[in-house]
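First the structure, in the form of structure tokens, and then the observations on it.
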Amino acid sequence: MKPSELAKKLGFRSLQEACDLMDVTPRTLTNWQTSNPDRYLAIMLGALAMRQNDIVSHYCGLQSQS
């Protein structure tokens, strides 16, 4: 599965959105996928956790302002 396909399956709008969270280029992610697939998957899942944490933090911040 290409990095862009995995990013979309994980709920990112694009591979670039995941890359922005991790401050890496799409090329870097592609290289990681090739050189160490297990580490690549762990990094992508970590990016997903970071994104979900940001969403929850934003939502909780909105709730406290009500």
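Letters for chains follow the order of the structure tokens (A, B, ...), residue numbers begin at 1 for each chain, and ligand numbers begin at 1 in the order shown.
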Item to check | Which of chain A fall in helix (DSSP H, G or I), as an MDAnalysis selection string | outcome: chainID A and resid 3:9 15:22 26:35 37:64
Output N, CA and C atoms for every residue in that selection, as a compact mmCIF listing (two decimals), in the first residue's frame.
# COMPACT_ATOMS: atom_id res chain seq x y z
N PRO A 3 2.13 5.09 0.68
CA PRO A 3 1.96 5.96 1.84
C PRO A 3 0.71 6.84 1.76
N SER A 4 0.39 7.33 0.59
CA SER A 4 -0.80 8.18 0.46
C SER A 4 -2.09 7.39 0.72
N GLU A 5 -2.10 6.13 0.33
CA GLU A 5 -3.28 5.29 0.58
C GLU A 5 -3.45 5.01 2.07
N LEU A 6 -2.33 4.72 2.75
CA LEU A 6 -2.41 4.48 4.19
C LEU A 6 -2.85 5.75 4.91
N ALA A 7 -2.31 6.88 4.52
CA ALA A 7 -2.70 8.15 5.15
C ALA A 7 -4.21 8.35 5.05
N LYS A 8 -4.76 8.11 3.89
CA LYS A 8 -6.21 8.29 3.71
C LYS A 8 -7.00 7.25 4.51
N LYS A 9 -6.51 6.01 4.58
CA LYS A 9 -7.20 4.99 5.38
C LYS A 9 -7.19 5.35 6.86
N LEU A 15 -1.55 12.72 2.30
CA LEU A 15 -0.25 12.37 2.86
C LEU A 15 0.43 13.61 3.40
N GLN A 16 0.24 14.72 2.73
CA GLN A 16 0.87 15.97 3.17
C GLN A 16 0.42 16.37 4.57
N GLU A 17 -0.84 16.14 4.90
CA GLU A 17 -1.32 16.46 6.25
C GLU A 17 -0.55 15.66 7.30
N ALA A 18 -0.33 14.38 7.05
CA ALA A 18 0.45 13.56 7.97
C ALA A 18 1.90 14.05 8.04
N CYS A 19 2.45 14.39 6.89
CA CYS A 19 3.83 14.88 6.85
C CYS A 19 3.97 16.18 7.63
N ASP A 20 3.00 17.05 7.51
CA ASP A 20 3.05 18.32 8.23
C ASP A 20 3.07 18.10 9.74
N LEU A 21 2.32 17.13 10.22
CA LEU A 21 2.31 16.82 11.65
C LEU A 21 3.68 16.37 12.13
N MET A 22 4.38 15.62 11.28
CA MET A 22 5.67 15.04 11.66
C MET A 22 6.85 15.88 11.19
N PRO A 26 7.02 14.05 2.08
CA PRO A 26 6.45 12.79 1.59
C PRO A 26 7.53 11.81 1.13
N ARG A 27 8.60 12.32 0.57
CA ARG A 27 9.71 11.46 0.13
C ARG A 27 10.33 10.72 1.31
N THR A 28 10.46 11.42 2.44
CA THR A 28 11.01 10.78 3.63
C THR A 28 10.13 9.63 4.08
N LEU A 29 8.82 9.85 4.10
CA LEU A 29 7.90 8.77 4.49
C LEU A 29 8.00 7.59 3.55
N THR A 30 8.10 7.86 2.27
CA THR A 30 8.24 6.79 1.29
C THR A 30 9.53 6.01 1.53
N ASN A 31 10.61 6.71 1.83
CA ASN A 31 11.87 6.04 2.13
C ASN A 31 11.76 5.18 3.38
N TRP A 32 11.09 5.70 4.42
CA TRP A 32 10.91 4.94 5.65
C TRP A 32 10.09 3.68 5.38
N GLN A 33 9.07 3.79 4.54
CA GLN A 33 8.25 2.63 4.23
C GLN A 33 9.09 1.54 3.58
N THR A 34 9.98 1.93 2.70
CA THR A 34 10.83 0.97 2.00
C THR A 34 11.89 0.37 2.90
N SER A 35 12.54 1.21 3.69
CA SER A 35 13.68 0.75 4.49
C SER A 35 13.29 0.01 5.76
N PRO A 37 9.50 -1.08 7.14
CA PRO A 37 8.03 -1.01 7.13
C PRO A 37 7.39 -0.98 8.52
N ASP A 38 7.95 -1.71 9.49
CA ASP A 38 7.36 -1.71 10.83
C ASP A 38 7.51 -0.34 11.50
N ARG A 39 8.67 0.24 11.37
CA ARG A 39 8.88 1.57 11.94
C ARG A 39 7.98 2.59 11.25
N TYR A 40 7.87 2.48 9.93
CA TYR A 40 7.00 3.38 9.16
C TYR A 40 5.57 3.31 9.68
N LEU A 41 5.05 2.10 9.88
CA LEU A 41 3.69 1.96 10.37
C LEU A 41 3.54 2.57 11.77
N ALA A 42 4.53 2.34 12.63
CA ALA A 42 4.48 2.93 13.98
C ALA A 42 4.47 4.45 13.91
N ILE A 43 5.25 5.02 13.00
CA ILE A 43 5.31 6.47 12.85
C ILE A 43 3.97 7.00 12.35
N MET A 44 3.38 6.31 11.38
CA MET A 44 2.08 6.74 10.86
C MET A 44 0.99 6.65 11.94
N LEU A 45 1.02 5.60 12.74
CA LEU A 45 0.05 5.48 13.83
C LEU A 45 0.29 6.55 14.90
N GLY A 46 1.54 6.90 15.12
CA GLY A 46 1.85 8.00 16.03
C GLY A 46 1.31 9.32 15.52
N ALA A 47 1.42 9.54 14.22
CA ALA A 47 0.86 10.76 13.62
C ALA A 47 -0.65 10.79 13.80
N LEU A 48 -1.27 9.63 13.64
CA LEU A 48 -2.72 9.56 13.85
C LEU A 48 -3.08 9.92 15.29
N ALA A 49 -2.32 9.39 16.24
CA ALA A 49 -2.56 9.71 17.65
C ALA A 49 -2.38 11.20 17.92
N MET A 50 -1.35 11.80 17.32
CA MET A 50 -1.13 13.24 17.48
C MET A 50 -2.33 14.03 16.94
N ARG A 51 -2.80 13.62 15.78
CA ARG A 51 -3.94 14.31 15.15
C ARG A 51 -5.19 14.18 16.03
N GLN A 52 -5.45 12.97 16.52
CA GLN A 52 -6.63 12.77 17.36
C GLN A 52 -6.51 13.55 18.66
N ASN A 53 -5.33 13.63 19.22
CA ASN A 53 -5.12 14.41 20.44
C ASN A 53 -5.42 15.89 20.20
N ASP A 54 -4.98 16.40 19.04
CA ASP A 54 -5.25 17.79 18.69
C ASP A 54 -6.74 18.04 18.56
N ILE A 55 -7.44 17.09 17.94
CA ILE A 55 -8.89 17.23 17.75
C ILE A 55 -9.60 17.23 19.10
N VAL A 56 -9.23 16.30 19.96
CA VAL A 56 -9.87 16.20 21.29
C VAL A 56 -9.57 17.45 22.10
N SER A 57 -8.33 17.91 22.08
CA SER A 57 -7.96 19.12 22.82
C SER A 57 -8.74 20.32 22.34
N HIS A 58 -8.89 20.44 21.03
CA HIS A 58 -9.65 21.56 20.46
C HIS A 58 -11.11 21.47 20.89
N TYR A 59 -11.70 20.28 20.81
CA TYR A 59 -13.10 20.09 21.17
C TYR A 59 -13.32 20.39 22.66
N CYS A 60 -12.43 19.90 23.50
CA CYS A 60 -12.57 20.15 24.95
C CYS A 60 -12.41 21.64 25.26
N GLY A 61 -11.54 22.30 24.53
CA GLY A 61 -11.37 23.75 24.72
C GLY A 61 -12.63 24.51 24.34
N LEU A 62 -13.32 24.06 23.31
CA LEU A 62 -14.57 24.69 22.91
C LEU A 62 -15.65 24.46 23.96
N GLN A 63 -15.68 23.27 24.55
CA GLN A 63 -16.68 22.96 25.55
C GLN A 63 -16.51 23.81 26.80
N SER A 64 -15.27 24.08 27.19
CA SER A 64 -15.05 24.85 28.42
C SER A 64 -15.40 26.31 28.25
